[in-house]
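query18.txt (compact mmCIF, C-alpha atoms and all ligand atoms)
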# COMPACT_ATOMS: atom_id res chain seq x y z
CA MET A 1 21.28 -52.66 88.46
CA ASN A 2 19.67 -52.13 91.85
CA HIS A 3 20.45 -52.35 95.53
CA PHE A 4 17.90 -54.98 96.53
CA GLU A 5 19.68 -58.28 97.17
CA TYR A 6 19.54 -61.44 99.25
CA ARG A 7 21.92 -61.93 102.13
CA ASN A 8 21.69 -65.34 103.80
CA GLY A 9 18.27 -65.91 102.28
CA GLN A 10 16.88 -62.56 103.46
CA LEU A 11 15.96 -59.72 101.12
CA PHE A 12 17.79 -56.50 101.88
CA ALA A 13 17.25 -52.97 100.64
CA GLU A 14 20.78 -51.60 100.77
CA ASP A 15 21.86 -52.47 104.35
CA VAL A 16 18.38 -52.84 105.81
CA ALA A 17 16.52 -56.16 106.06
CA VAL A 18 13.15 -55.70 104.37
CA SER A 19 11.54 -57.81 107.12
CA ASP A 20 12.78 -55.30 109.72
CA ILE A 21 11.02 -52.50 107.86
CA ALA A 22 7.85 -54.60 107.67
CA ALA A 23 7.99 -55.26 111.42
CA ALA A 24 8.28 -51.53 112.12
CA VAL A 25 5.92 -50.14 109.49
CA GLY A 26 3.38 -52.89 108.85
CA THR A 27 2.32 -53.99 105.36
CA PRO A 28 1.75 -53.22 102.57
CA PHE A 29 4.34 -50.57 101.74
CA TYR A 30 6.59 -49.40 98.96
CA CYS A 31 10.30 -49.41 99.69
CA TYR A 32 12.70 -47.26 97.65
CA SER A 33 16.48 -47.33 97.58
CA THR A 34 18.44 -44.08 97.55
CA ALA A 35 21.55 -45.80 96.17
CA THR A 36 19.54 -47.16 93.25
CA LEU A 37 17.92 -43.80 92.49
CA THR A 38 21.37 -42.22 92.59
CA ARG A 39 22.93 -44.85 90.39
CA HIS A 40 20.19 -44.62 87.76
CA TYR A 41 20.42 -40.84 87.70
CA GLN A 42 24.18 -40.86 87.39
CA VAL A 43 24.33 -43.45 84.62
CA LEU A 44 21.89 -41.35 82.61
CA ALA A 45 23.55 -38.04 83.47
CA ASN A 46 26.96 -39.40 82.43
CA ALA A 47 25.54 -40.64 79.14
CA LEU A 48 23.83 -37.32 78.43
CA ALA A 49 26.87 -35.23 79.34
CA THR A 50 28.13 -35.87 75.80
CA VAL A 51 25.13 -33.98 74.37
CA GLY A 52 24.83 -31.51 77.27
CA ALA A 53 21.22 -32.52 77.88
CA ARG A 54 19.30 -31.43 80.96
CA ILE A 55 17.28 -34.04 82.90
CA CYS A 56 13.78 -33.03 83.94
CA TYR A 57 12.42 -35.93 86.02
CA ALA A 58 8.83 -36.84 85.08
CA VAL A 59 7.26 -36.44 88.50
CA LYS A 60 4.18 -38.48 87.64
CA ALA A 61 6.21 -41.71 87.79
CA ASN A 62 6.77 -41.31 91.52
CA SER A 63 5.74 -38.06 93.10
CA ASN A 64 6.76 -38.58 96.73
CA LEU A 65 8.51 -35.42 97.91
CA ALA A 66 11.49 -37.37 99.30
CA VAL A 67 12.00 -39.16 95.99
CA ILE A 68 11.80 -35.90 94.05
CA ARG A 69 14.22 -34.23 96.48
CA THR A 70 16.69 -37.12 96.20
CA LEU A 71 16.75 -36.60 92.42
CA ALA A 72 16.75 -32.80 92.74
CA GLN A 73 19.87 -32.93 94.90
CA LEU A 74 21.56 -34.90 92.14
CA GLY A 75 20.73 -32.08 89.73
CA ALA A 76 17.37 -33.02 88.24
CA GLY A 77 14.76 -30.53 87.13
CA ALA A 78 11.15 -31.66 86.78
CA ASP A 79 8.55 -32.41 84.14
CA VAL A 80 5.06 -31.91 85.59
CA VAL A 81 1.56 -32.39 84.23
CA SER A 82 -0.59 -30.62 86.84
CA GLU A 83 -0.51 -27.82 89.37
CA GLY A 84 -0.24 -30.43 92.12
CA GLU A 85 2.91 -31.87 90.57
CA LEU A 86 4.31 -28.38 90.07
CA ARG A 87 3.73 -27.65 93.75
CA ARG A 88 5.40 -30.93 94.66
CA ALA A 89 8.46 -30.15 92.51
CA ILE A 90 8.85 -26.75 94.14
CA ALA A 91 8.26 -28.13 97.66
CA ALA A 92 10.95 -30.75 96.97
CA GLY A 93 13.43 -27.99 96.16
CA ILE A 94 13.39 -27.72 92.38
CA ALA A 95 13.63 -24.16 91.12
CA PRO A 96 10.56 -23.28 88.99
CA GLU A 97 12.79 -22.27 86.09
CA ASN A 98 13.95 -25.90 85.95
CA VAL A 99 10.40 -27.16 85.58
CA VAL A 100 8.69 -28.04 82.31
CA PHE A 101 4.89 -27.95 82.41
CA SER A 102 3.57 -30.67 80.08
CA GLY A 103 0.09 -32.10 79.65
CA VAL A 104 -2.67 -32.15 77.13
CA GLY A 105 -5.23 -30.16 79.14
CA LYS A 106 -3.89 -27.40 81.36
CA THR A 107 -6.57 -25.20 82.91
CA ARG A 108 -6.39 -21.41 83.01
CA GLY A 109 -5.94 -21.63 86.77
CA GLU A 110 -2.97 -23.97 86.36
CA MET A 111 -1.40 -21.75 83.72
CA ASP A 112 -1.80 -18.72 85.94
CA TYR A 113 -0.24 -20.45 88.94
CA ALA A 114 2.66 -21.70 86.81
CA LEU A 115 3.27 -18.18 85.47
CA SER A 116 3.08 -16.74 88.98
CA VAL A 117 5.95 -18.96 90.14
CA GLY A 118 7.96 -18.53 86.93
CA VAL A 119 7.88 -22.00 85.45
CA GLY A 120 10.70 -22.50 82.93
CA GLN A 121 8.75 -23.84 79.97
CA PHE A 122 5.24 -24.74 78.87
CA ASN A 123 4.95 -27.61 76.43
CA VAL A 124 1.87 -26.61 74.47
CA GLU A 125 -0.21 -29.25 72.72
CA SER A 126 -2.85 -27.36 70.74
CA GLU A 127 -3.69 -24.08 69.07
CA SER A 128 -6.40 -23.24 71.58
CA GLU A 129 -4.05 -23.91 74.48
CA LEU A 130 -1.59 -21.50 72.88
CA GLU A 131 -4.24 -18.79 72.68
CA THR A 132 -5.39 -19.33 76.24
CA LEU A 133 -1.82 -19.22 77.52
CA SER A 134 -1.25 -15.97 75.62
CA GLN A 135 -4.33 -14.45 77.27
CA VAL A 136 -3.39 -15.62 80.77
CA ALA A 137 0.21 -14.42 80.37
CA SER A 138 -0.96 -11.07 78.97
CA ALA A 139 -3.31 -10.56 81.92
CA ARG A 140 -0.37 -11.15 84.25
CA GLY A 141 1.98 -9.05 82.16
CA VAL A 142 4.61 -11.77 81.94
CA ASP A 143 5.96 -13.89 79.09
CA ALA A 144 5.37 -17.63 78.79
CA VAL A 145 8.26 -19.60 77.32
CA VAL A 146 6.77 -22.21 75.02
CA ALA A 147 7.81 -25.37 73.25
CA LEU A 148 5.29 -26.87 70.86
CA ARG A 149 4.74 -30.55 71.54
CA VAL A 150 4.48 -32.20 68.17
CA ASN A 151 2.98 -35.56 67.40
CA PRO A 152 5.49 -37.13 65.00
CA ASP A 153 3.22 -40.02 63.96
CA VAL A 154 5.73 -42.63 65.09
CA ASP A 155 4.69 -45.96 66.57
CA ALA A 156 6.51 -46.53 69.86
CA ASN A 157 5.89 -50.31 69.70
CA THR A 158 4.93 -50.39 73.34
CA HIS A 159 1.70 -51.18 75.22
CA ASP A 160 -1.31 -49.39 73.66
CA LYS A 161 -2.16 -47.57 76.86
CA ILE A 162 1.31 -45.98 77.11
CA SER A 163 1.82 -45.16 73.45
CA THR A 164 1.37 -41.45 72.70
CA GLY A 165 3.07 -40.54 69.44
CA ARG A 166 0.72 -41.66 66.69
CA LYS A 167 -1.65 -39.43 64.74
CA ASP A 168 -4.72 -40.97 66.37
CA HIS A 169 -3.54 -40.24 69.91
CA LYS A 170 -4.75 -37.19 71.83
CA PHE A 171 -1.21 -35.93 72.43
CA GLY A 172 0.66 -33.16 70.67
CA ILE A 173 0.19 -31.13 67.53
CA ASP A 174 0.20 -32.88 64.19
CA ILE A 175 3.77 -32.36 63.00
CA ASP A 176 2.52 -31.35 59.56
CA ILE A 177 0.72 -28.28 60.90
CA ALA A 178 3.47 -27.39 63.39
CA PRO A 179 5.19 -24.85 61.10
CA VAL A 180 2.02 -22.78 60.72
CA LEU A 181 1.31 -22.95 64.43
CA TYR A 182 4.89 -22.17 65.43
CA ALA A 183 4.83 -19.05 63.23
CA ARG A 184 1.54 -18.09 64.83
CA ALA A 185 2.96 -18.68 68.33
CA SER A 186 5.89 -16.41 67.53
CA ARG A 187 3.49 -13.53 66.87
CA LEU A 188 1.18 -14.06 69.87
CA PRO A 189 1.45 -11.54 72.70
CA HIS A 190 3.41 -12.67 75.75
CA ILE A 191 4.39 -15.97 74.14
CA ARG A 192 8.06 -16.70 73.51
CA ALA A 193 8.12 -19.74 71.23
CA LEU A 194 11.57 -21.19 71.77
CA GLY A 195 11.39 -24.88 71.03
CA ILE A 196 9.92 -28.19 70.00
CA ALA A 197 8.92 -31.02 72.33
CA VAL A 198 8.13 -34.65 71.61
CA HIS A 199 7.22 -37.67 73.74
CA ILE A 200 6.13 -40.80 71.92
CA GLY A 201 5.37 -43.21 74.74
CA SER A 202 6.65 -45.13 77.69
CA GLN A 203 8.61 -48.36 78.29
CA LEU A 204 10.28 -48.28 74.87
CA THR A 205 12.74 -51.14 74.43
CA SER A 206 14.07 -50.19 71.01
CA LEU A 207 15.88 -47.06 69.88
CA ASP A 208 14.29 -47.05 66.43
CA PRO A 209 11.13 -45.13 67.37
CA PHE A 210 13.24 -42.54 69.22
CA ARG A 211 15.50 -42.15 66.18
CA ALA A 212 12.52 -41.75 63.86
CA ALA A 213 10.84 -39.17 66.11
CA PHE A 214 14.00 -37.17 66.80
CA ASN A 215 14.84 -37.12 63.09
CA ARG A 216 11.43 -35.66 62.33
CA VAL A 217 11.97 -33.04 65.02
CA ALA A 218 15.37 -32.17 63.54
CA VAL A 219 13.87 -31.74 60.08
CA LEU A 220 11.16 -29.51 61.54
CA THR A 221 13.77 -27.46 63.40
CA ARG A 222 15.66 -26.74 60.17
CA GLU A 223 12.43 -25.90 58.38
CA LEU A 224 11.37 -23.44 61.09
CA ARG A 225 14.77 -21.80 61.14
CA ALA A 226 14.77 -21.48 57.36
CA ALA A 227 11.52 -19.57 57.77
CA GLY A 228 13.26 -17.16 60.11
CA LEU A 229 11.84 -18.57 63.36
CA THR A 230 13.83 -19.12 66.55
CA VAL A 231 14.31 -22.69 67.77
CA GLU A 232 16.71 -22.81 70.71
CA ARG A 233 15.41 -25.78 72.63
CA LEU A 234 14.45 -29.39 71.96
CA ASP A 235 12.62 -31.40 74.60
CA LEU A 236 12.93 -35.05 73.63
CA GLY A 237 10.56 -36.47 76.25
CA GLY A 238 10.98 -39.62 78.31
CA GLY A 239 10.04 -43.19 77.60
CA LEU A 240 13.25 -45.20 77.83
CA GLY A 241 12.27 -48.67 79.09
CA ILE A 242 13.55 -50.77 81.97
CA THR A 243 13.94 -54.48 82.67
CA TYR A 244 10.92 -55.95 84.41
CA ARG A 245 11.65 -59.55 83.40
CA ASP A 246 13.55 -60.34 80.23
CA GLU A 247 13.36 -57.03 78.39
CA VAL A 248 16.69 -55.73 77.19
CA PRO A 249 16.18 -51.98 76.92
CA PRO A 250 18.81 -49.81 75.27
CA HIS A 251 21.63 -48.58 77.49
CA PRO A 252 21.50 -44.83 78.23
CA ASP A 253 24.81 -44.47 76.37
CA ASP A 254 23.17 -45.74 73.18
CA TYR A 255 20.13 -43.53 73.77
CA ALA A 256 22.48 -40.55 74.13
CA ALA A 257 24.23 -41.59 70.92
CA VAL A 258 20.89 -41.45 69.07
CA ILE A 259 20.30 -37.96 70.46
CA ALA A 260 23.79 -36.91 69.37
CA GLU A 261 23.31 -38.38 65.89
CA THR A 262 19.85 -36.93 65.26
CA THR A 263 20.58 -33.44 66.62
CA ALA A 264 24.09 -33.08 65.21
CA GLY A 265 24.79 -29.58 63.95
CA LEU A 266 21.56 -28.07 65.33
CA ASN A 267 23.24 -26.26 68.23
CA VAL A 268 20.21 -26.46 70.55
CA ASP A 269 19.66 -26.87 74.30
CA ILE A 270 18.34 -30.38 74.87
CA THR A 271 16.07 -31.61 77.67
CA VAL A 272 14.91 -35.16 78.39
CA GLU A 273 12.04 -36.16 80.70
CA PRO A 274 12.70 -39.65 82.07
CA GLY A 275 10.37 -41.10 84.70
CA ARG A 276 10.34 -44.88 84.80
CA LEU A 277 14.04 -45.18 83.97
CA LEU A 278 15.05 -43.33 87.14
CA VAL A 279 12.62 -44.81 89.66
CA GLY A 280 11.16 -48.07 88.29
CA ASN A 281 13.82 -50.48 89.52
CA ALA A 282 14.53 -48.38 92.62
CA GLY A 283 11.37 -49.58 94.35
CA ILE A 284 9.66 -52.76 95.54
CA LEU A 285 6.21 -53.33 96.96
CA VAL A 286 6.23 -55.39 100.15
CA THR A 287 3.07 -57.25 101.05
CA ALA A 288 2.09 -59.93 103.57
CA VAL A 289 0.28 -63.15 102.74
CA ILE A 290 -3.26 -63.37 104.11
CA LEU A 291 -3.81 -66.90 102.89
CA ASP A 292 -2.70 -69.43 100.33
CA LYS A 293 -5.96 -70.59 98.71
CA ILE A 294 -5.98 -73.68 96.56
CA THR A 295 -9.15 -74.24 94.53
CA ALA A 296 -9.96 -77.21 92.32
CA THR A 297 -8.18 -75.64 89.36
CA LYS A 298 -5.90 -72.97 90.63
CA ARG A 299 -3.74 -71.63 93.43
CA PHE A 300 -4.29 -68.09 94.67
CA VAL A 301 -1.99 -66.36 97.08
CA ILE A 302 -4.14 -63.66 98.65
CA VAL A 303 -2.06 -60.80 99.98
CA ASP A 304 -2.73 -57.53 101.79
CA ALA A 305 -1.76 -55.32 98.83
CA ALA A 306 -4.27 -54.88 96.03
CA MET A 307 -5.02 -53.15 92.75
CA ASN A 308 -5.69 -49.89 94.59
CA ASP A 309 -2.07 -49.95 95.79
CA PHE A 310 -0.57 -51.14 92.52
CA ILE A 311 -2.69 -50.98 89.40
CA ARG A 312 -0.08 -51.68 86.72
CA PRO A 313 -0.87 -55.40 86.34
CA THR A 314 -4.59 -54.61 85.99
CA LEU A 315 -4.23 -51.54 83.79
CA TYR A 316 -1.33 -52.51 81.53
CA ASN A 317 -1.11 -56.29 82.00
CA ALA A 318 2.28 -55.51 83.53
CA ASP A 319 4.25 -58.61 84.48
CA HIS A 320 6.32 -58.10 87.63
CA ARG A 321 8.55 -60.59 89.39
CA VAL A 322 7.36 -61.64 92.84
CA THR A 323 9.76 -63.13 95.36
CA PRO A 324 9.55 -64.20 99.00
CA VAL A 325 11.32 -61.81 101.33
CA ARG A 326 12.80 -64.88 103.09
CA THR A 327 13.80 -67.70 100.77
CA GLY A 328 13.63 -71.31 101.87
CA PRO A 329 16.35 -73.92 101.32
CA ALA A 330 17.42 -74.54 97.72
CA ALA A 331 15.32 -77.71 97.60
CA THR A 332 12.05 -75.83 98.29
CA VAL A 333 9.30 -76.86 95.89
CA LEU A 334 7.78 -73.99 93.90
CA ASN A 335 4.24 -74.00 92.55
CA LYS A 336 2.52 -71.59 90.24
CA ALA A 337 0.10 -69.15 91.82
CA ASP A 338 -1.76 -65.97 90.98
CA VAL A 339 -0.97 -63.34 93.56
CA VAL A 340 -4.17 -61.42 94.18
CA GLY A 341 -5.46 -58.75 96.52
CA PRO A 342 -8.61 -58.60 98.64
CA VAL A 343 -10.42 -56.06 96.44
CA CYS A 344 -13.78 -57.15 95.05
CA GLU A 345 -12.72 -57.16 91.39
CA THR A 346 -11.63 -60.14 89.31
CA GLY A 347 -9.04 -57.81 87.82
CA ASP A 348 -7.40 -57.42 91.21
CA VAL A 349 -4.32 -59.43 90.26
CA LEU A 350 -0.78 -58.41 91.22
CA ALA A 351 1.03 -61.24 89.43
CA ARG A 352 -0.02 -64.18 87.28
CA ASN A 353 1.64 -67.60 87.37
CA ALA A 354 4.31 -66.67 89.88
CA ALA A 355 6.41 -69.65 91.01
CA LEU A 356 6.20 -69.55 94.79
CA PRO A 357 6.89 -71.89 97.70
CA ASP A 358 4.11 -72.88 100.09
CA LEU A 359 3.23 -69.78 102.03
CA SER A 360 1.74 -69.18 105.45
CA PRO A 361 -0.18 -66.17 106.72
CA ASN A 362 2.14 -63.19 107.39
CA ASP A 363 4.91 -64.44 105.12
CA LEU A 364 6.25 -61.48 103.17
CA LEU A 365 6.45 -61.12 99.39
CA ALA A 366 8.21 -58.45 97.36
CA ILE A 367 6.86 -57.27 94.03
CA GLU A 368 9.90 -56.07 92.14
CA SER A 369 10.42 -53.08 89.85
CA ALA A 370 7.48 -51.25 91.43
CA GLY A 371 9.06 -47.81 91.92
CA ALA A 372 7.42 -46.19 88.88
CA TYR A 373 3.67 -45.72 88.43
CA GLY A 374 3.07 -47.64 91.66
CA ALA A 375 2.39 -45.47 94.70
CA ALA A 376 1.73 -42.51 92.40
CA MET A 377 -1.33 -44.32 91.01
CA SER A 378 -2.59 -45.67 94.33
CA SER A 379 -6.11 -44.95 95.57
CA ASN A 380 -8.53 -45.62 98.41
CA TYR A 381 -10.78 -47.98 96.46
CA ASN A 382 -12.67 -50.39 98.74
CA SER A 383 -11.97 -47.85 101.50
CA ARG A 384 -8.50 -49.24 101.89
CA LEU A 385 -5.91 -46.95 103.46
CA LEU A 386 -3.48 -45.28 101.11
CA ILE A 387 -0.31 -47.40 101.01
CA ALA A 388 2.74 -46.34 103.03
CA GLU A 389 6.11 -45.47 101.44
CA VAL A 390 9.59 -45.96 102.88
CA LEU A 391 12.94 -44.66 101.68
CA VAL A 392 16.16 -46.49 102.54
CA LYS A 393 19.62 -44.95 102.58
CA ASP A 394 22.54 -47.19 103.59
CA ASP A 395 21.54 -48.71 106.95
CA LYS A 396 18.75 -46.19 107.63
CA PHE A 397 15.12 -46.08 106.59
CA CYS A 398 12.42 -43.48 106.93
CA VAL A 399 8.67 -43.61 106.39
CA ILE A 400 8.24 -40.96 103.70
CA ARG A 401 4.46 -41.36 103.55
CA PRO A 402 2.80 -42.77 106.63
CA ARG A 403 -0.24 -44.96 106.28
CA PRO A 404 -3.15 -42.70 107.28
CA SER A 405 -5.58 -43.61 110.04
CA TYR A 406 -9.14 -44.75 109.41
CA ASP A 407 -10.28 -41.56 111.15
CA ALA A 408 -8.34 -39.55 108.58
CA LEU A 409 -9.92 -41.56 105.77
CA LEU A 410 -13.46 -41.00 107.06
CA SER A 411 -12.85 -37.34 107.81
CA LEU A 412 -12.37 -36.65 104.09
CA ASP A 413 -16.14 -36.87 103.63
CA GLN A 414 -18.65 -34.29 104.84
CA MET A 415 -22.28 -34.71 105.79
CA PRO A 416 -24.88 -32.32 104.30
CA GLU A 417 -26.89 -30.41 106.85
CA TRP A 418 -30.13 -32.27 105.95
CA LEU A 419 -28.66 -35.61 106.95
CA THR A 420 -27.44 -34.50 110.33
CA HIS A 421 -30.71 -34.80 112.22
C1 LIG B 501 4.85 -39.77 81.22
C2 LIG B 501 5.69 -38.76 80.53
C3 LIG B 501 7.08 -38.82 80.63
C4 LIG B 501 7.82 -39.93 81.35
O1 LIG B 501 7.68 -41.16 80.72
P1 LIG B 501 8.57 -42.40 81.20
O2 LIG B 501 8.19 -43.50 80.29
O3 LIG B 501 8.21 -42.69 82.61
O4 LIG B 501 10.00 -42.02 81.05
C5 LIG B 501 7.80 -37.82 80.02
N1 LIG B 501 7.20 -36.80 79.34
C6 LIG B 501 5.87 -36.72 79.23
C7 LIG B 501 5.27 -35.60 78.48
C8 LIG B 501 5.07 -37.69 79.81
O5 LIG B 501 3.74 -37.63 79.68
I need this file expressed as structure tokens, please.
Ligand SMILES: *Cc1c(COP(=O)(O)O)cnc(C)c1O
Amino acid sequence: MNHFEYRNGQLFAEDVAVSDIAAAVGTPFYCYSTATLTRHYQVLANALATVGARICYAVKANSNLAVIRTLAQLGAGADVVSEGELRRAIAAGIAPENVVFSGVGKTRGEMDYALSVGVGQFNVESESELETLSQVASARGVDAVVALRVNPDVDANTHDKISTGRKDHKFGIDIDIAPVLYARASRLPHIRALGIAVHIGSQLTSLDPFRAAFNRVAVLTRELRAAGLTVERLDLGGGLGITYRDEVPPHPDDYAAVIAETTAGLNVDITVEPGRLLVGNAGILVTAVILDKITATKRFVIVDAAMNDFIRPTLYNADHRVTPVRTGPAATVLNKADVVGPVCETGDVLARNAALPDLSPNDLLAIESAGAYGAAMSSNYNSRLLIAEVLVKDDKFCVIRPRPSYDALLSLDQMPEWLTH
């Protein structure tokens, strides 16, 4: 459920007409809904209350400070994968002890910064990372709380590029060697090994892979405890899918039931790290038509947003709904079109075979379900300005990331002395 809806043929975000935002801000921009973020958080939080799980929002899905703060005020902690994300989480108001530092390649510098602010947990993905963290923590004279991220060798049955839990993926520690490594971690100086973490992939639409992975983690937990090791925490990752078109992802209540079933009797503190689930359907991308180009074989609607603003269709073949911000009369004829950007790449496609009415320059389109892995993955490619972001709350909206100026874009570069005369 989300709070984007048509009123008298006009798309609204909560109580604000999307066309009013476009008139004030210009296009393209992302538009997020506070009510939708809140609703998604609360549905998940209510479901997880039965298992007492903590929610650490995966900041990489949408890392705008205002989005993070909206979720933080609802009670979310954060899951971060870089020093930059850690700094964002803290700047948004999340206490460092409520932050989990994940990621397959943390640098010494990042570890040291995270220890200096007192990050709550490091999810460690290899033996050498464990040793490095022990050294960095020892040098600082503080302890690092660690969960070992295991790779449970479970197929998430999702897109290849967002699947992370099979043996041949770079993520995590082979679950078969986890007991040896966990015992080793427990003896390393300034390491407090307290838990197991797992994250098998993103946009999962079935509970079976979760059940399989969590069961393996539960078996491992019992095995470690039988060996006299302490396991107080389980971090079960993110990955619960959302509806882009016709997908029917599991309800959070059923997801929570799988957690309850697989962790029954373990008496552990549980964390989950949802990203997409919280923000995906809380955002749209609004773009203006540049021209409607009909070639001998195909119709292209060329718009002012492009792959640098929204790379999911190019990178993952993601299939997003596209709708006009103002709908015509019911009798309007729709024709198939590829919605494409101006970037000089054939892969610059935002939507394939979208059924759209005839469009004129400046007509507005909304790409739906664009709140996750949208703005966070945007770039300046083709020297296009970084896309603006807007947050709506009730009848108010605020630009939460202004579109930079061209001067600001050019000032990022510096000229070497030998080219200045
Ligand atoms: C990306 C990621 C998440 C969030 O995944 P979603 O599919 O957006 O819920 C959680 N944990 C880790 C370790 C991740 O890399």
Considering only C-alpha atoms and all ligand atoms, tabulate each residue of chain A that lies at most 7 Å from ligand LIG 501 (chain B) along with its nearest interatomic pair and the corresponding distance in Å to one decimal; arrange the rows by chain and ascending residue number and present them as CSV.
residue,atom,partner,partner_atom,distance
A:Ala58,CA,B:LIG501,C4,4.9
A:Lys60,CA,B:LIG501,C1,6.6
A:Ala61,CA,B:LIG501,O3,5.6
A:Asp79,CA,B:LIG501,N1,6.6
A:Ser102,CA,B:LIG501,C7,5.5
A:Gly103,CA,B:LIG501,C7,6.4
A:His199,CA,B:LIG501,C7,5.5
A:Gly201,CA,B:LIG501,O2,6.2
A:Ser202,CA,B:LIG501,O2,3.4
A:Gln203,CA,B:LIG501,O2,5.3
A:Gly237,CA,B:LIG501,N1,4.6
A:Gly238,CA,B:LIG501,O4,3.8
A:Gly239,CA,B:LIG501,O2,3.3
A:Leu240,CA,B:LIG501,O4,5.6
A:Gly241,CA,B:LIG501,O2,6.7
A:Glu273,CA,B:LIG501,C5,4.6
A:Pro274,CA,B:LIG501,O4,3.7
A:Gly275,CA,B:LIG501,O3,3.4
A:Arg276,CA,B:LIG501,O3,3.8
A:Leu277,CA,B:LIG501,O4,5.9
Writer output for current selection, C-alpha atoms, as a CSV table (one decimal), in the coordinates of the input:
chain,number,residue,atom,x,y,z
A,58,ALA,CA,8.8,-36.8,85.1
A,60,LYS,CA,4.2,-38.5,87.6
A,61,ALA,CA,6.2,-41.7,87.8
A,79,ASP,CA,8.6,-32.4,84.1
A,102,SER,CA,3.6,-30.7,80.1
A,103,GLY,CA,0.1,-32.1,79.6
A,199,HIS,CA,7.2,-37.7,73.7
A,201,GLY,CA,5.4,-43.2,74.7
A,202,SER,CA,6.6,-45.1,77.7
A,203,GLN,CA,8.6,-48.4,78.3
A,237,GLY,CA,10.6,-36.5,76.2
A,238,GLY,CA,11.0,-39.6,78.3
A,239,GLY,CA,10.0,-43.2,77.6
A,240,LEU,CA,13.2,-45.2,77.8
A,241,GLY,CA,12.3,-48.7,79.1
A,273,GLU,CA,12.0,-36.2,80.7
A,274,PRO,CA,12.7,-39.6,82.1
A,275,GLY,CA,10.4,-41.1,84.7
A,276,ARG,CA,10.3,-44.9,84.8
A,277,LEU,CA,14.0,-45.2,84.0
Restrict the calculation to only C-alpha atoms, then for each residue of range 73-172 of chain A with any atom at most 12 Å from an atom of range 227-231 of chain A give the closest atom pair and their distance in Å to one decimal, rows by chain and rising residue number, as CSV.
residue,atom,partner,partner_atom,distance
A:Val145,CA,A:Val231,CA,11.7
A:Val146,CA,A:Val231,CA,10.5
A:Ala147,CA,A:Val231,CA,8.9
A:Leu148,CA,A:Val231,CA,10.4
Subject >> Distance in Å - CA of His320 in chain A versus CA of Leu11 in chain A >> reply: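 Those two atoms sit 16.7 Å apart.
All residues that come within 8 Å of the coordinates (5.1, -72.4, 93.2), counting all atoms listed in the file, are given as Val333, Leu334, Asn335, Lys336, Ala337, Ala354, Ala355, Leu356, Pro357 and Asp358 of chain A.
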Original post:
Please, what distance in Å, to one decimal, runs between CA of Ala375 in chain A and CA of Phe310 in chain A?
Top reply: 6.8 Å
**OP:** With a distance cut-off of 9 Å and all atoms listed in the file, select the neighbouring residues of range 219-221 of chain A, excluding the residue or stretch itself and same-chain residues fewer than 2 positions from it, and output the selection as a list of chain:residue names.
**Re:** A:Ile175, A:Ala178, A:Pro179, A:Gly195, A:Ile196, A:Phe214, A:Asn215, A:Arg216, A:Val217, A:Glu223, A:Leu224, A:Arg225, A:Ala226, A:Thr230, A:Val231, A:Leu234, A:Leu266
Original post:
Mind pulling up the distance from CA of Ile270 in chain A to CA of Leu194 in chain A?
Top reply: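 Computed distance, CA of Leu194 in chain A to CA of Ile270 in chain A, equals 11.8 Å.
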**OP:** Kindly indicate which residue among A:Tyr41, A:Phe4, A:Tyr30, A:Tyr406 lies nearest to Leu391 in chain A, using only C-alpha atoms for the distances.
**Re:**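 Result for the nearest residue to Leu391 in chain A: A:Tyr30.
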Subject >> Closest of A:Glu247, A:Asp153, A:Asp168, A:Asp292 to Pro209 in chain A - atom-to-atom distances counting only C-alpha atoms >> reply: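 Among the listed residues, A:Asp153 lies closest to Pro209 in chain A.
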